[in-house]
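Peer 1: File query-v8.txt below, compact mmCIF, C-alpha atoms and all ligand atoms:
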```txt
# COMPACT_ATOMS: atom_id res chain seq x y z
CA MET A 1 84.25 118.01 102.19
CA SER A 2 87.96 117.91 102.86
CA THR A 3 90.86 119.50 101.11
CA THR A 4 91.01 120.73 97.52
CA HIS A 5 94.77 121.33 97.82
CA SER A 6 96.34 121.08 94.36
CA ARG A 7 99.03 118.67 95.64
CA ILE A 8 97.79 115.86 97.81
CA ALA A 9 99.38 112.56 98.79
CA ILE A 10 96.98 109.75 99.72
CA PHE A 11 98.34 106.84 101.75
CA GLY A 12 96.70 103.40 101.77
CA ASP A 13 96.64 99.96 100.18
CA LEU A 14 96.56 100.57 96.43
CA LEU A 15 94.94 98.05 94.08
CA ASP A 16 94.23 98.25 90.36
CA ILE A 17 94.01 95.70 87.58
CA GLU A 18 95.78 96.19 84.27
CA GLN A 19 94.71 92.88 82.71
CA PRO A 20 91.95 90.42 83.59
CA SER A 21 93.14 86.93 84.44
CA PRO A 22 92.45 84.33 81.73
CA ALA A 23 90.01 81.65 82.93
CA GLY A 24 91.94 79.04 84.88
CA THR A 25 94.72 81.37 86.10
CA PRO A 26 96.04 80.27 89.53
CA LEU A 27 94.72 82.77 92.04
CA ASP A 28 97.11 82.35 94.92
CA GLY A 29 99.71 85.10 95.01
CA THR A 30 99.36 88.11 92.73
CA PRO A 31 98.76 87.17 89.08
CA ALA A 32 100.36 89.18 86.29
CA GLY A 33 98.22 92.21 85.55
CA VAL A 34 97.19 92.72 89.17
CA ARG A 35 98.90 95.69 90.84
CA TRP A 36 98.76 95.32 94.63
CA ARG A 37 100.74 98.03 96.31
CA PRO A 38 99.99 97.97 100.04
CA GLN A 39 101.08 100.92 102.18
CA HIS A 40 101.93 103.15 99.25
CA TRP A 41 101.47 106.81 98.52
CA LEU A 42 99.39 108.02 95.59
CA LEU A 43 100.39 111.56 94.63
CA VAL A 44 97.76 113.76 93.02
CA GLU A 45 98.60 117.07 91.42
CA ASN A 46 96.09 119.37 89.74
CA GLY A 47 93.52 116.60 89.55
CA ARG A 48 95.76 113.97 87.97
CA ILE A 49 97.80 111.12 89.37
CA ALA A 50 101.41 112.32 89.49
CA ALA A 51 103.14 109.29 91.01
CA VAL A 52 102.73 106.10 93.02
CA GLN A 53 105.54 105.36 95.48
CA ALA A 54 106.47 103.57 98.66
CA GLU A 55 108.42 106.51 100.13
CA ALA A 56 106.61 109.33 101.90
CA PRO A 57 106.56 112.54 99.82
CA ASP A 58 108.21 115.77 100.93
CA ALA A 59 106.46 118.47 102.93
CA SER A 60 105.16 120.27 99.84
CA TRP A 61 102.42 117.61 99.61
CA ALA A 62 99.32 117.74 101.79
CA ARG A 63 98.82 114.31 103.35
CA ASP A 64 95.67 112.20 103.58
CA GLU A 65 96.70 109.07 105.47
CA ARG A 66 94.36 106.09 105.29
CA ALA A 67 96.27 103.18 106.80
CA GLY A 68 94.41 99.91 106.27
CA GLN A 69 92.03 101.35 103.67
CA LEU A 70 91.81 100.05 100.14
CA ILE A 71 92.36 102.70 97.46
CA LEU A 72 90.81 101.77 94.10
CA PRO A 73 90.11 103.60 90.85
CA GLY A 74 86.55 104.95 90.85
CA PHE A 75 84.02 102.51 89.43
CA ILE A 76 82.56 103.15 85.98
CA ASP A 77 78.95 102.28 85.14
CA THR A 78 78.35 101.72 81.42
CA HIS A 79 74.56 101.55 81.47
CA VAL A 80 72.26 103.26 83.95
CA HIS A 81 69.07 105.36 83.80
CA ALA A 82 69.06 108.56 85.88
CA PRO A 83 65.25 108.93 86.19
CA GLN A 84 64.71 105.33 87.23
CA LEU A 85 65.75 105.74 90.85
CA ASP A 86 62.05 106.56 91.22
CA VAL A 87 61.04 103.02 90.16
CA ILE A 88 63.95 100.86 91.30
CA ALA A 89 62.67 97.66 92.94
CA SER A 90 59.18 97.74 91.38
CA TYR A 91 57.27 94.49 91.69
CA GLY A 92 56.02 91.87 89.35
CA THR A 93 56.77 92.55 85.66
CA GLU A 94 59.05 91.66 82.78
CA LEU A 95 60.63 94.25 80.50
CA LEU A 96 57.78 95.42 78.26
CA ASP A 97 55.17 95.61 81.06
CA TRP A 98 57.75 97.14 83.39
CA LEU A 99 58.30 99.97 80.90
CA GLN A 100 54.58 100.67 80.57
CA ARG A 101 53.62 100.33 84.20
CA TYR A 102 56.54 101.91 86.01
CA THR A 103 59.22 103.45 83.84
CA PHE A 104 57.36 105.55 81.31
CA PRO A 105 55.26 107.30 84.01
CA ALA A 106 58.42 108.06 86.01
CA GLU A 107 60.20 109.44 82.96
CA THR A 108 57.19 111.62 82.11
CA ALA A 109 57.75 113.54 85.36
CA TRP A 110 61.15 114.69 84.05
CA ALA A 111 59.38 117.00 81.56
CA ASP A 112 59.43 119.43 84.48
CA PRO A 113 62.93 120.98 84.57
CA ALA A 114 62.77 121.29 88.36
CA VAL A 115 62.10 117.55 88.69
CA ALA A 116 64.91 116.78 86.23
CA ALA A 117 67.35 119.05 88.09
CA ALA A 118 66.60 117.60 91.52
CA GLY A 119 66.58 114.05 90.14
CA SER A 120 69.90 114.52 88.35
CA GLN A 121 71.61 115.86 91.45
CA LEU A 122 70.27 113.02 93.57
CA PHE A 123 71.33 110.49 90.95
CA LEU A 124 74.92 111.76 90.64
CA ASP A 125 75.35 112.14 94.39
CA GLN A 126 74.16 108.56 94.80
CA LEU A 127 76.58 107.32 92.12
CA LEU A 128 79.43 108.99 94.01
CA ALA A 129 78.20 107.58 97.31
CA HIS A 130 78.39 104.10 95.75
CA GLY A 131 81.96 104.69 94.54
CA THR A 132 81.05 105.26 90.87
CA THR A 133 82.81 108.29 89.43
CA SER A 134 81.98 107.95 85.70
CA ALA A 135 78.94 106.71 83.81
CA LEU A 136 77.18 106.31 80.49
CA VAL A 137 73.67 107.45 81.35
CA PHE A 138 70.16 107.48 79.90
CA PRO A 139 68.18 110.58 80.89
CA THR A 140 64.71 111.00 79.26
CA VAL A 141 63.37 112.16 75.92
CA HIS A 142 63.19 115.73 77.22
CA LYS A 143 65.91 118.14 76.19
CA GLY A 144 65.79 119.64 79.67
CA SER A 145 66.68 116.29 81.22
CA VAL A 146 70.02 116.38 79.39
CA ASP A 147 70.68 119.98 80.41
CA ALA A 148 69.96 119.00 84.02
CA LEU A 149 72.17 115.92 84.00
CA PHE A 150 75.10 117.51 82.17
CA GLY A 151 74.85 120.63 84.33
CA ALA A 152 74.99 118.59 87.52
CA ALA A 153 77.90 116.46 86.19
CA LEU A 154 79.84 119.56 85.13
CA ALA A 155 79.39 121.05 88.61
CA ARG A 156 80.86 117.86 90.10
CA GLY A 157 83.70 117.59 87.57
CA MET A 158 82.55 114.11 86.56
CA ARG A 159 83.30 112.17 83.38
CA LEU A 160 79.77 111.62 82.11
CA ILE A 161 78.36 110.54 78.76
CA SER A 162 74.71 111.04 77.93
CA GLY A 163 72.26 112.38 75.38
CA LYS A 164 68.54 112.78 74.90
CA CYS A 165 66.48 109.65 74.39
CA LEU A 166 65.18 109.29 70.87
CA MET A 167 61.68 107.84 70.85
CA ASP A 168 59.09 108.80 68.27
CA ARG A 169 56.65 105.89 68.51
CA HIS A 170 55.21 103.19 70.80
CA ALA A 171 55.44 105.34 73.92
CA PRO A 172 53.01 107.60 75.81
CA PRO A 173 52.46 110.90 73.93
CA ALA A 174 54.21 112.86 76.68
CA LEU A 175 57.39 110.85 76.04
CA MET A 176 57.49 111.10 72.26
CA ASP A 177 59.55 113.38 70.04
CA THR A 178 59.55 113.59 66.24
CA VAL A 179 62.32 113.22 63.70
CA ALA A 180 62.39 117.00 63.29
CA SER A 181 62.33 117.86 66.99
CA SER A 182 64.90 115.19 67.87
CA GLU A 183 67.28 116.52 65.22
CA ARG A 184 66.89 120.09 66.45
CA ASP A 185 67.28 119.14 70.12
CA THR A 186 70.29 116.92 69.46
CA LEU A 187 72.12 119.61 67.51
CA ASP A 188 71.38 122.17 70.25
CA LEU A 189 72.60 119.79 72.97
CA LEU A 190 75.76 118.82 71.06
CA ALA A 191 76.60 122.51 70.65
CA ALA A 192 75.89 123.28 74.29
CA TRP A 193 77.60 120.34 76.02
CA SER A 194 79.83 118.17 73.87
CA GLY A 195 83.43 118.42 75.08
CA LYS A 196 82.58 120.78 77.92
CA GLY A 197 84.43 119.75 81.10
CA ARG A 198 84.53 115.95 81.01
CA LEU A 199 81.23 115.54 79.17
CA ALA A 200 80.59 113.69 75.93
CA TYR A 201 77.44 113.18 73.90
CA ALA A 202 75.77 109.83 73.27
CA HIS A 203 73.13 109.44 70.59
CA THR A 204 70.61 107.60 72.70
CA VAL A 205 68.14 105.34 70.94
CA ARG A 206 65.93 103.95 73.69
CA PHE A 207 65.49 100.71 71.75
CA ALA A 208 64.45 99.83 68.23
CA PRO A 209 60.70 99.52 68.96
CA THR A 210 60.38 103.15 70.05
CA SER A 211 62.07 104.70 67.01
CA SER A 212 60.86 104.89 63.42
CA GLU A 213 63.27 103.95 60.67
CA ALA A 214 63.55 107.64 59.82
CA GLN A 215 64.64 108.41 63.37
CA LEU A 216 67.12 105.51 63.45
CA ARG A 217 68.61 106.82 60.20
CA LEU A 218 68.86 110.30 61.70
CA ALA A 219 70.66 108.93 64.77
CA GLY A 220 73.21 107.13 62.61
CA GLU A 221 73.79 110.24 60.50
CA LEU A 222 74.20 112.46 63.56
CA HIS A 223 76.65 109.98 65.11
CA ALA A 224 78.74 109.95 61.92
CA ALA A 225 78.66 113.75 61.79
CA SER A 226 79.68 114.33 65.42
CA PRO A 227 83.25 113.12 66.03
CA GLY A 228 83.83 111.90 69.57
CA SER A 229 80.17 111.10 70.09
CA TYR A 230 78.87 107.76 71.31
CA VAL A 231 75.78 105.63 70.71
CA GLN A 232 73.88 103.92 73.51
CA THR A 233 70.82 101.70 73.28
CA HIS A 234 69.40 98.32 74.30
CA VAL A 235 69.38 95.06 72.34
CA ALA A 236 67.96 91.55 72.78
CA GLU A 237 67.23 91.84 76.50
CA ASN A 238 64.09 89.72 76.63
CA ARG A 239 62.44 87.20 74.34
CA ALA A 240 59.13 89.05 73.97
CA GLU A 241 61.06 92.18 73.00
CA VAL A 242 63.02 90.25 70.35
CA GLU A 243 59.74 88.91 68.90
CA TRP A 244 58.28 92.43 68.82
CA VAL A 245 61.30 93.76 66.93
CA ARG A 246 60.99 90.88 64.46
CA ALA A 247 57.37 91.91 63.81
CA LEU A 248 58.17 95.63 63.55
CA PHE A 249 61.19 95.23 61.23
CA PRO A 250 60.42 92.26 58.97
CA ALA A 251 62.95 93.34 56.37
CA TYR A 252 65.92 92.98 58.72
CA ARG A 253 67.89 89.85 59.48
CA SER A 254 67.82 90.45 63.23
CA TYR A 255 67.30 92.99 66.00
CA LEU A 256 71.01 93.85 65.89
CA ASP A 257 70.83 94.22 62.11
CA VAL A 258 68.30 97.06 62.56
CA TYR A 259 70.99 99.05 64.34
CA GLU A 260 73.80 98.07 62.00
CA ARG A 261 71.93 99.08 58.88
CA HIS A 262 71.29 102.52 60.34
CA GLY A 263 74.94 103.22 61.09
CA LEU A 264 74.55 102.66 64.82
CA LEU A 265 77.01 99.81 65.31
CA THR A 266 80.49 101.25 65.83
CA ALA A 267 83.34 100.89 68.32
CA ARG A 268 81.76 103.82 70.20
CA THR A 269 78.42 102.02 70.64
CA THR A 270 77.30 100.43 73.90
CA LEU A 271 74.27 98.12 73.74
CA ALA A 272 72.80 96.95 77.02
CA HIS A 273 72.00 93.26 77.62
CA GLY A 274 72.54 91.35 74.34
CA ILE A 275 71.37 88.07 75.84
CA TRP A 276 69.36 86.71 72.90
CA LEU A 277 71.79 87.07 69.99
CA ASP A 278 72.60 84.45 67.38
CA ALA A 279 76.04 83.53 66.01
CA ASP A 280 75.77 85.99 63.11
CA ASP A 281 74.95 88.82 65.52
CA ARG A 282 77.90 87.89 67.70
CA ALA A 283 80.21 87.91 64.71
CA ARG A 284 78.93 91.36 63.70
CA LEU A 285 79.56 92.67 67.21
CA ALA A 286 83.10 91.29 67.19
CA ALA A 287 83.73 92.79 63.75
CA THR A 288 82.36 96.25 64.53
CA GLY A 289 83.76 96.52 68.06
CA ALA A 290 80.38 97.58 69.46
CA VAL A 291 80.18 96.78 73.19
CA ILE A 292 77.60 94.71 75.07
CA ALA A 293 76.98 96.06 78.59
CA HIS A 294 76.27 93.10 80.87
CA SER A 295 73.62 94.12 83.40
CA PRO A 296 73.35 91.13 85.73
CA THR A 297 71.12 92.43 88.53
CA SER A 298 68.66 93.74 85.96
CA ASN A 299 68.64 90.52 83.99
CA LEU A 300 67.94 88.53 87.14
CA PHE A 301 65.37 90.96 88.53
CA LEU A 302 63.31 91.25 85.33
CA GLY A 303 63.81 87.56 84.54
CA SER A 304 65.38 88.45 81.20
CA GLY A 305 67.97 85.67 80.95
CA LEU A 306 71.55 84.66 81.71
CA PHE A 307 74.31 86.49 79.84
CA ASP A 308 77.20 84.21 78.91
CA TRP A 309 80.22 86.43 79.72
CA ARG A 310 82.93 83.82 79.08
CA GLY A 311 81.22 82.65 75.91
CA ARG A 312 80.89 86.16 74.51
CA GLU A 313 84.48 86.91 75.46
CA ALA A 314 85.53 83.82 73.50
CA ASP A 315 83.50 85.15 70.55
CA GLY A 316 85.86 88.14 70.50
CA MET A 317 83.20 90.62 71.58
CA ARG A 318 83.94 93.71 73.65
CA LEU A 319 82.11 93.59 76.97
CA SER A 320 81.41 96.00 79.82
CA MET A 321 79.68 95.85 83.20
CA ALA A 322 76.63 97.89 84.21
CA SER A 323 74.07 98.35 86.97
CA ASP A 324 71.13 99.14 84.64
CA VAL A 325 69.24 100.82 87.46
CA GLY A 326 66.21 100.83 87.63
CA GLY A 327 65.79 97.38 86.01
CA GLY A 328 68.88 96.67 88.09
CA VAL A 329 68.36 96.77 91.82
CA SER A 330 71.44 98.64 93.01
CA LEU A 331 73.88 101.34 91.91
CA SER A 332 76.51 99.35 93.80
CA MET A 333 79.25 97.75 91.73
CA HIS A 334 79.72 95.30 94.61
CA LYS A 335 76.15 94.08 94.06
CA THR A 336 76.57 94.16 90.29
CA LEU A 337 79.78 92.10 90.34
CA ALA A 338 78.36 89.65 92.88
CA ALA A 339 75.38 89.10 90.55
CA ALA A 340 77.72 88.70 87.57
CA TYR A 341 79.56 85.98 89.48
CA GLN A 342 76.28 84.19 90.22
CA VAL A 343 74.99 84.48 86.64
CA ALA A 344 78.24 82.91 85.43
CA ALA A 345 78.02 80.22 88.12
CA LEU A 346 74.55 79.24 86.90
CA GLN A 347 76.21 78.49 83.56
CA GLY A 348 79.02 76.43 85.08
CA GLN A 349 81.59 79.23 84.78
CA ARG A 350 83.76 81.22 87.16
CA LEU A 351 84.54 84.94 87.18
CA ASP A 352 87.38 85.54 89.62
CA ALA A 353 87.66 88.68 91.74
CA PHE A 354 90.42 90.21 89.62
CA THR A 355 88.38 89.74 86.46
CA LEU A 356 85.33 91.27 88.16
CA LEU A 357 87.23 94.27 89.54
CA HIS A 358 88.92 94.82 86.19
CA ALA A 359 85.53 94.84 84.48
CA ALA A 360 84.17 97.60 86.72
CA THR A 361 87.26 99.80 86.34
CA ARG A 362 89.77 99.49 83.50
CA GLY A 363 87.57 97.14 81.46
CA ASN A 364 84.73 99.66 81.45
CA ALA A 365 87.20 102.46 80.67
CA LEU A 366 88.44 100.48 77.66
CA SER A 367 84.87 99.86 76.52
CA LEU A 368 84.34 103.64 76.34
CA GLN A 369 87.79 104.32 74.84
CA LEU A 370 88.65 106.28 77.99
CA ASP A 371 91.50 104.12 79.26
CA HIS A 372 93.90 107.07 78.82
CA GLU A 373 91.84 108.98 81.41
CA ILE A 374 90.26 106.61 83.96
CA GLY A 375 90.25 103.06 85.31
CA ARG A 376 93.74 102.65 86.82
CA LEU A 377 96.08 104.14 89.43
CA GLU A 378 98.55 105.28 86.80
CA PRO A 379 100.50 108.55 86.53
CA GLY A 380 98.87 110.82 83.98
CA LEU A 381 95.35 109.54 84.51
CA VAL A 382 92.68 111.68 86.15
CA ALA A 383 92.50 111.10 89.92
CA ASP A 384 89.01 109.55 90.12
CA LEU A 385 89.51 107.45 93.24
CA VAL A 386 87.69 105.75 96.08
CA ALA A 387 88.93 104.79 99.54
CA TRP A 388 87.17 101.77 101.08
CA ASP A 389 87.29 99.98 104.38
CA TRP A 390 87.82 96.24 104.11
CA ALA A 391 85.05 95.60 106.63
CA GLU A 392 83.00 97.04 109.46
CA PRO A 393 84.41 95.81 112.78
CA GLY A 394 82.38 92.90 114.12
CA SER A 395 80.68 92.15 110.79
CA VAL A 396 80.42 88.79 109.04
CA LEU A 397 82.79 90.20 106.41
CA ALA A 398 85.36 91.06 109.09
CA HIS A 399 85.02 87.53 110.46
CA ARG A 400 85.46 86.02 107.00
CA LEU A 401 88.49 88.20 106.17
CA GLY A 402 90.09 87.01 109.41
CA ARG A 403 90.14 83.54 107.88
CA ALA A 404 91.25 84.55 104.39
CA GLY A 405 94.78 83.98 103.16
CA SER A 406 95.51 85.22 99.66
CA LEU A 407 94.71 88.61 98.20
CA HIS A 408 92.19 86.93 95.92
CA GLU A 409 90.38 85.27 98.80
CA ARG A 410 90.14 88.60 100.62
CA LEU A 411 89.08 90.56 97.54
CA PHE A 412 86.49 88.00 96.51
CA ALA A 413 84.87 87.99 99.97
CA TRP A 414 84.97 91.82 99.95
CA LEU A 415 83.22 92.00 96.57
CA MET A 416 80.59 89.40 97.50
CA LEU A 417 79.84 90.67 101.03
CA GLY A 418 80.73 94.37 100.85
CA ASP A 419 78.73 97.32 99.62
CA GLU A 420 78.65 101.12 99.62
CA ARG A 421 78.56 101.26 103.41
CA LEU A 422 82.29 100.52 103.33
CA LEU A 423 83.05 103.66 101.30
CA ARG A 424 85.11 106.24 103.15
CA GLN A 425 85.99 108.81 100.49
CA THR A 426 85.35 109.48 96.82
CA TRP A 427 87.56 111.84 94.82
CA VAL A 428 86.67 113.23 91.41
CA ALA A 429 89.69 114.67 89.60
CA GLY A 430 91.45 114.82 92.95
CA LYS A 431 88.63 116.67 94.67
CA ALA A 432 87.09 115.05 97.74
CA MET A 433 83.34 114.62 97.10
CA VAL A 434 81.67 112.60 99.84
ZN ZN B 1 68.57 99.99 80.41
```
Kindly transcribe the structure held in the file into structure tokens.
Peer 2:
Amino acid sequence: MSTTHSRIAIFGDLLDIEQPSPAGTPLDGTPAGVRWRPQHWLLVENGRIAAVQAEAPDASWARDERAGQLILPGFIDTHVHAPQLDVIASYGTELLDWLQRYTFPAETAWADPAVAAAGSQLFLDQLLAHGTTSALVFPTVHKGSVDALFGAALARGMRLISGKCLMDRHAPPALMDTVASSERDTLDLLAAWSGKGRLAYAHTVRFAPTSSEAQLRLAGELHAASPGSYVQTHVAENRAEVEWVRALFPAYRSYLDVYERHGLLTARTTLAHGIWLDADDRARLAATGAVIAHSPTSNLFLGSGLFDWRGREADGMRLSMASDVGGGVSLSMHKTLAAAYQVAALQGQRLDAFTLLHAATRGNALSLQLDHEIGRLEPGLVADLVAWDWAEPGSVLAHRLGRAGSLHERLFAWLMLGDERLLRQTWVAGKAMV
């Protein structure tokens, strides 16, 4: 822990991305929308960014000088499961078997408030240690899991969005609620946590197969009745899952239609995956503004499929980037973005480093309608920041950077080869955390 001085000036190489580069943008130099401000001062007052300037500030500012370090906005993770650190990197299954064999047993343990409390603290500390300062998070079905996660996030001052999982069928008995109990618990949790600190509530449908139509209807009604709330769920991750939904909901046009017809598709909805959607689904997503959270390491690890980022962008859909731990194999946004690059490459496309970095910062902030608060190094925004080294001395990355010319070449190598071991400091609302 270092200073919590209310006025602090951080010196380093500042980088943030206001706009992603359109495909085909020349990447030498600094494209429009990329703000590269080497050897600048970032002034933080009372937890917010007060100014960015080249001149050193006066003596009223405490100084934190980080020459040669990269100062970025904190990463934002738009889909991640707190209890699944217990099953990350589990062998040998696709989605539906993975849930039964690994995930549901792990989530059952969170019925114990002590397990949920310890797990939530570990999870948030690990997010911060990976440079992620905000997240949209699945806890478990248990009310206590939400209390534990929100309590730990409030103590850390983090921007966190979560809510109890709704699941009243097709799960082990210990992980099931009912329509009545889920309504009662949700109302209690909204009253206790919504708007407290930097917390917001997300009506959290695990996925369509584990909720009855009555529970889906309830979730839509509660979302409409709670201004400022979000919806999070999964959609069309895996082909067997899509077939199961078709069998469970024969009266609906598609998996996505199940959500739409229960009031769950709004501009405050984030649906993870969305790989197996047809043209009508894609048009409905573009029209409603609901967001698909691309989860590339998860989709590769569970063999779910290749998400077509450029194609979905061209469809006019809103997109975000996510780790999806524990289907995903790392909380690291470096690893997530490197996988996103590779998934695009397998489809003959390119995601440049500026586009990737934008996705993990301002792009994800926009997807959550939080761009007025996080995602850039802009006066007025909350000072959620991370200082990174470019490379460990003597490493392959250091060697590669020694041969790199443009900012893009350096940043791309850093994203592909770097990871959380390069992190030197995380700040949440101007407070040094790790
Ligand atoms: Zn997930």
Peer 1: Using only C-alpha atoms, determine which residues lie at most 10 Å from stretch 17-20 of chain A, disregarding the query and same-chain residues fewer than 5 positions distant; provide the list as a list of chain:residue names.
Peer 2: A:Thr25, A:Pro31, A:Ala32, A:Gly33, A:Val34, A:Arg35, A:Trp36, A:Leu72, A:Pro73, A:Leu351, A:Asp352, A:Ala353, A:Phe354, A:Thr355, A:Leu356, A:Leu357, A:His358, A:Ala359, A:Thr361, A:Arg362, A:Gly363, A:Gly375, A:Arg376, A:Leu377, A:Glu378
Peer 1: (93.5, 107.2, 99.6) in this file's frame - what residues fall within 12 Å of it? Use all atoms listed in the file and give the answer as a ChimeraX atom specification.
Peer 2: /A:8-15,38-44,49,52,63-74,377,383-389,423-427,430-432
Peer 1: Which one of A:Thr269, A:Ser332, A:Ser134, A:Ser323 sits closest to ligand ZN 1 (chain B) if you count only C-alpha atoms and all ligand atoms?
Peer 2: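 Among A:Thr269, A:Ser332, A:Ser134, A:Ser323, it is A:Ser323 that comes nearest to ligand ZN 1 (chain B).
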Peer 1: Could you please extract the residues within 7 Å of ligand ZN 1 (chain B), counting only C-alpha atoms and all ligand atoms, and hand them back as a PDB file with C-alpha atoms, in the frame of the given file?
Peer 2:
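The result, written out as selection.pdb:
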```
ATOM      1  CA  HIS A  79      74.560 101.550  81.470  1.00  0.00           C
ATOM      2  CA  VAL A  80      72.260 103.260  83.950  1.00  0.00           C
ATOM      3  CA  HIS A  81      69.070 105.360  83.800  1.00  0.00           C
ATOM      4  CA  HIS A 234      69.400  98.320  74.300  1.00  0.00           C
ATOM      5  CA  ALA A 272      72.800  96.950  77.020  1.00  0.00           C
ATOM      6  CA  ASP A 324      71.130  99.140  84.640  1.00  0.00           C
ATOM      7  CA  GLY A 327      65.790  97.380  86.010  1.00  0.00           C
TER       8      GLY A 327
END
```
Peer 1: Which is closer to A:Leu127 than all the others in A:Phe75, A:Trp244, A:Tyr91, A:Trp98, using only C-alpha atoms?
Peer 2: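 Distance minimum relative to A:Leu127 lands on A:Phe75.
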Peer 1: Considering all atoms listed in the file, can you say which of A:Leu370, A:Met158, A:Leu222, A:Leu401 comes closest to A:Ala429?
Peer 2: A:Met158
